[in-house]
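In what follows, a structure is listed as structure tokens, so that the remarks can point back to it.
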Amino acid sequence: MSLLPPLPVAGPLAVAGLLLALGHALPRRTPDVVALLAALAAGGVCVVMATQAAAHPIVYWFGGWAPRQGFPIGIGFVVGQAGAAFAAFIALLFAATIVFAWGYFDEVHAHFHVLMLLFMAGMIGFCLTHDLFNMFVWFEVQSIAGFALTGYQLRSSALEGALNFTVTNTIGAYLILAGIGLIYARVGVLDFSALQAGVARSPHDVVIDVSFALLSTGFLIKAAQVPFQFWLADAHAVAPSPVSVIFSGAMVALGIFGVTRLFWAVYAPAPEIQAVVRTLFLGMGTASAVVGGLMAISQRHLKRLLAFSTISHIGLLLIGFSLESREGLAGLFVYLAGHGLVKGAMFMVAGVLLAELASIDEIGLRGLGGQVWPAGVAMGLGGLLLAGMPLGLMGAGTDLLDAAAKAAGEEWVPFVVVFAAACTGGAVLRATGRIFLGLGPVAGEEKRAPTEDEQEKADRPLWVMLLPIVALLAIAIIGGGSGAAWASRMAVPFMQPDNQGVLGLAPFAAAPSSAPLHAPGTRLAWLSVALALGIAGFNLSRQLLPVGLPEIVDAMLKPVFAVVQKLHSGLIGDYIAWVAVGLAMFTIAFAWSG
Amino acid sequence: MNWLPWAVAAWLLGIGLYGVVTSRNYVHLIGCLSVVQAATYVLLLGVGYRWNAVAPIFYDHPPGTPSVDPVVQALVLTDVVIGATVTALLLAMALQLHKNRETLDPQQLRPLRE
């Protein structure tokens with residue numbers, strides 16, 4: 001039995017405990033170094049496991065409680081390629097973030113590093129576990145670390161955002177727990193393989209359907225999908241920038257990974273659940289892509305802009321999942337990694353602006369970006385990647401998603417992808433042009449800056465902050481080809497887990513052979529880049545356009561924006577009412593699918 | 001009688017969510033959140049309960065004596081710990097917010113808009 005699986009979880013947890021105990025006695029930079037090494041070590045172990053799991057998954061039963069006669073009596077980690085790869089991606093993002101935040105948080109013992117390591121350990125445990133309740137525990141470990149990190153600076157705006165974030169996500173967690181109780185009541189086990197066998201035995205079972213609805217509602221709240229998306233912008237905009245990097249890059253994607261894993265590992269045999277994923281999730285993903293894109297365009301607070309762009313791109317991931325095909329899943333994996341890297345880098349750029357220029361307001365910062373111009377280059381490049389430029393991981397993911405949609409007969413999906421990419425990329429490019437090139441003057445708007453004074457500590461050299469930005473963007477660009485090849489191999493065992501092997505009922509079957517997927521790029525990618533440049537250009541050159549044209553366009557679009565903005569009220573009560581609406585949507589979808 | 005715990009759990013979930021939606025004070029809202037959580041306690045204990053069975057401690061019972069399901073009891077214990085952590089964290093944040101803003105009404109405390 002391999003001893004590797006518990007290491008990337010137990011290691012960071014142990015280091016976090018030591019840092020907490022010794023933090024006050026350590027020299028100034030030691031917690032940074034220790035946390036960075038812990039993240040890199042965890043990532044290294046995950047990479048090793050990802051290569052070892054190519055033949056068949058690595059199985060580890062805690063305390064040696066292996067299944068007896070095929071009945072699981074303990075809790076196991078079953079590490080497949082996809083889980084290990086996602087865990088390695090998470091560790092990479094944490095390592096980059098710890099470098100970015102070098103010395104940023106050193107005033108209070110090592111609390112920031114302790115929370116970050118807890119956050120990472122929870123996420124990695126979530127990816128590797130093979131037990132439904134254990135999955136919930138890791139989910140809560142990382143959630144609570146995230147709640148505490150959001151309100152870390154104890155400013156009013158941060159605390160308000162953190163309260164909304166905590167209440168919404170905690171209700172999601174209780175719904176997950178209720179779902180776990182229901183499926184346990186029906187099947188009597190918590191191990192994924194045994195659960196899947198139980199689901200296969202009882203098709204069209206209402207209790208199992210309700211448990212799926214509750215579990216996926218909880219995970220989609222974390223993934224911030226319409227109609228559960230409201231908390232995200234409140235939390236992302238006010239969290240410290242290094243924390244926002246993790247939120248957008250990894251935490252939100254974790255919700256999608258959770259629901260995807262749960263579906264393929266447990267619920268896939270139920271035909272009515274397949275139908276609900278195919279219809280309801282496709283609709284939710286599309287709505288998220290559109291709403292997120294529209295909201296992103298109408299922001300001037302840069303971190304809120306990026307937060308809404310995250311909702312939009314995660315919506316594309318949900319679309320990829322809902323297509324229930326190998327192409328869709330591979331596209332989801334590649335796009336998830338690409339988006340996480342690019343969006344992480346963009347939040348780091350926002351952090352550079354907060355540290356060096358002491359503001360995050362696009363209009364207030366107009367033309368002031370010159371002294372940190374390398375950040376502007378990174379932001380422009382990131383904007384183009386978000387806009388769907390056929391390059392690197394995001395480009396490869398888009399191609400796979402488009403191919404999957406065509407194969408599934410949903411010819412309109414590529415246009416949703418174009419819309420989301422154009423809106424979010426256009427918004428980022430507009431902000432880049434305004435901040436770094438001084439384009440697009442807006443008379444009289446500076447005074448309406450939306451936030452309190454939000455400077456972040458600026459006691460680290462610029463190059464320390466730029467280094468992780470460059471690294472993340474470089475991986476996002478050069479990883480495209482190999483990322484797509486890996487993802488198409490990982491997708492097959494992810495969709496057809498070897499339950500007999502895991503439960504010891506039979507030796508592991510040989511890994512199913514899987515040819516790399518062929519997904520030819522389409523011309524649509526350039527269409528979305530052109531649209532994004534058009535959106536940015538229109539906004540930045542209003543004073544050059546014929547008199548009246550900008551006003552007419554504004555008048556036409558105003559009702560649309562007004563409705564979406566009005567929904568994002570900032571009231572926790574409204575957000576929870578929307579959760580109830582989402583649950584009702586599940587009920588309707590199940591009634592519809594029989 | 002079998003449906004009673006399910007009905008109680010559903011009622012607690014509904015009334016707790018209603019409280020969260022309509023609350024005008026964050027301390028009250030956090031209390032409502034605990035009501036939502038109580039729904040999960042009732043549900044889990046209801047799932048594991050067996051009539052005419054003993055507690056799952058076999059110190060003074062021969063092995064094989066019918067007992068209630070120990071797995072759900074472990075789940076509820078974990079759930080209690082999580083609930084306590086979240087409640088403590090939320091109350092701490094509410095306290096800090098009250099220090100800064102002197103109110104705990106969600107209507108007046110709206111996070112960043114626009």
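By order of appearance in the structure tokens: chains A, B, ..., then residues from 1 within every chain, and ligands from 1 in the order shown.
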
Checklist entry - When the cut-off is 7 Å and we count only C-alpha atoms, which residues of chain B are near chain A, given as JSON, numbers by chain? => result {"B": [20, 21, 22, 37, 40, 43, 44, 47, 90, 93, 96, 97, 100, 106, 107, 109, 110, 111, 112, 114]}

Write a file of the just-selected residues containing N, CA and C atoms, as an mmCIF file, in the first residue's frame.
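Done, and the output landed in out.cif:
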data_model
loop_
_atom_site.group_PDB
_atom_site.id
_atom_site.type_symbol
_atom_site.label_atom_id
_atom_site.label_comp_id
_atom_site.auth_asym_id
_atom_site.auth_seq_id
_atom_site.Cartn_x
_atom_site.Cartn_y
_atom_site.Cartn_z
ATOM 1 N N VAL B 20 -33.568 33.531 8.520
ATOM 2 C CA VAL B 20 -32.382 34.165 7.927
ATOM 3 C C VAL B 20 -32.807 35.208 6.898
ATOM 4 N N VAL B 21 -33.830 34.857 6.095
ATOM 5 C CA VAL B 21 -34.241 35.775 5.031
ATOM 6 C C VAL B 21 -34.800 37.073 5.611
ATOM 7 N N THR B 22 -35.553 36.973 6.703
ATOM 8 C CA THR B 22 -36.247 38.165 7.189
ATOM 9 C C THR B 22 -35.527 38.878 8.322
ATOM 10 N N GLN B 37 -29.196 24.435 11.226
ATOM 11 C CA GLN B 37 -28.293 23.331 11.526
ATOM 12 C C GLN B 37 -28.998 22.264 12.359
ATOM 13 N N THR B 40 -30.361 19.447 10.513
ATOM 14 C CA THR B 40 -29.470 18.343 10.130
ATOM 15 C C THR B 40 -29.273 17.380 11.300
ATOM 16 N N LEU B 43 -32.374 15.196 11.397
ATOM 17 C CA LEU B 43 -32.399 14.301 10.239
ATOM 18 C C LEU B 43 -31.433 13.139 10.451
ATOM 19 N N LEU B 44 -30.188 13.452 10.839
ATOM 20 C CA LEU B 44 -29.182 12.399 10.970
ATOM 21 C C LEU B 44 -29.557 11.429 12.088
ATOM 22 N N VAL B 47 -32.237 9.194 10.948
ATOM 23 C CA VAL B 47 -31.761 8.181 10.005
ATOM 24 C C VAL B 47 -31.195 6.981 10.760
ATOM 25 N N LEU B 90 -18.654 33.662 13.269
ATOM 26 C CA LEU B 90 -19.637 34.659 12.857
ATOM 27 C C LEU B 90 -19.872 35.685 13.960
ATOM 28 N N MET B 93 -17.041 38.095 14.107
ATOM 29 C CA MET B 93 -17.085 39.088 13.030
ATOM 30 C C MET B 93 -18.188 40.113 13.292
ATOM 31 N N GLN B 96 -16.929 42.635 15.825
ATOM 32 C CA GLN B 96 -16.005 43.610 15.236
ATOM 33 C C GLN B 96 -16.759 44.618 14.379
ATOM 34 N N LEU B 97 -17.747 44.132 13.648
ATOM 35 C CA LEU B 97 -18.510 45.008 12.777
ATOM 36 C C LEU B 97 -19.284 46.024 13.620
ATOM 37 N N ASN B 100 -17.173 48.857 14.632
ATOM 38 C CA ASN B 100 -16.883 49.830 13.583
ATOM 39 C C ASN B 100 -18.103 50.643 13.193
ATOM 40 N N PRO B 106 -28.663 44.158 8.684
ATOM 41 C CA PRO B 106 -28.151 43.917 7.335
ATOM 42 C C PRO B 106 -28.608 44.975 6.334
ATOM 43 N N GLN B 107 -29.787 45.590 6.569
ATOM 44 C CA GLN B 107 -30.271 46.602 5.625
ATOM 45 C C GLN B 107 -29.347 47.818 5.587
ATOM 46 N N LEU B 109 -26.075 47.638 6.628
ATOM 47 C CA LEU B 109 -24.706 47.187 6.398
ATOM 48 C C LEU B 109 -24.630 46.513 5.049
ATOM 49 N N ARG B 110 -24.636 47.250 3.994
ATOM 50 C CA ARG B 110 -24.523 46.564 2.711
ATOM 51 C C ARG B 110 -23.081 46.588 2.284
ATOM 52 N N PRO B 111 -22.532 45.438 1.859
ATOM 53 C CA PRO B 111 -21.174 45.464 1.353
ATOM 54 C C PRO B 111 -21.118 46.328 0.105
ATOM 55 N N LEU B 112 -19.891 46.614 -0.274
ATOM 56 C CA LEU B 112 -19.595 47.374 -1.457
ATOM 57 C C LEU B 112 -20.589 47.186 -2.607
ATOM 58 N N GLU B 114 -21.952 48.767 -6.597
ATOM 59 C CA GLU B 114 -21.504 49.397 -7.855
ATOM 60 C C GLU B 114 -20.294 48.724 -8.483
#

Item to check | Those in stretch 238-298 of chain A with alpha helix (DSSP H) from DSSP, as number ranges by chain | outcome: A: 238, 241-246, 252-262, 271-276, 282-297

Checklist entry - If we count only C-alpha atoms, what is near stretch 491-501 of chain A at a cut-off of 9 Å, once residues fewer than 4 positions away on the same chain are taken out, given as a PyMOL selection string? => result chain A and resi 56-57+70+80-83+192-194+196-197+261+263-265+268+325-327+329-330+333+486-487+505-509+511-514

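Checking B:Gln108, B:Thr103, B:Asn2, B:Gln73 one by one against B:Trp51, counting only C-alpha atoms, you find the shortest gap at B:Asn2.
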
Next on the checklist: Just list as a PyMOL selection string whatever in stretch 65-289 of chain A DSSP marks as strand (DSSP E).
Outcome noted: chain A and resi 76-79

For those residues, write N, CA, C and O atoms to a file as a CSV table (one decimal), in the first residue's frame.
chain,number,residue,atom,x,y,z
A,76,GLY,N,-11.4,5.9,3.1
A,76,GLY,CA,-10.3,5.8,2.2
A,76,GLY,C,-10.0,7.1,1.4
A,76,GLY,O,-10.9,7.9,1.2
A,77,PHE,N,-8.7,7.2,1.0
A,77,PHE,CA,-8.4,8.1,-0.1
A,77,PHE,C,-8.2,7.3,-1.3
A,77,PHE,O,-7.4,6.4,-1.3
A,78,VAL,N,-8.8,7.6,-2.4
A,78,VAL,CA,-8.6,6.9,-3.6
A,78,VAL,C,-8.2,8.0,-4.6
A,78,VAL,O,-8.9,8.8,-5.0
A,79,VAL,N,-6.9,8.0,-5.0
A,79,VAL,CA,-6.3,9.1,-5.7
A,79,VAL,C,-6.2,8.7,-7.2
A,79,VAL,O,-5.5,7.8,-7.6
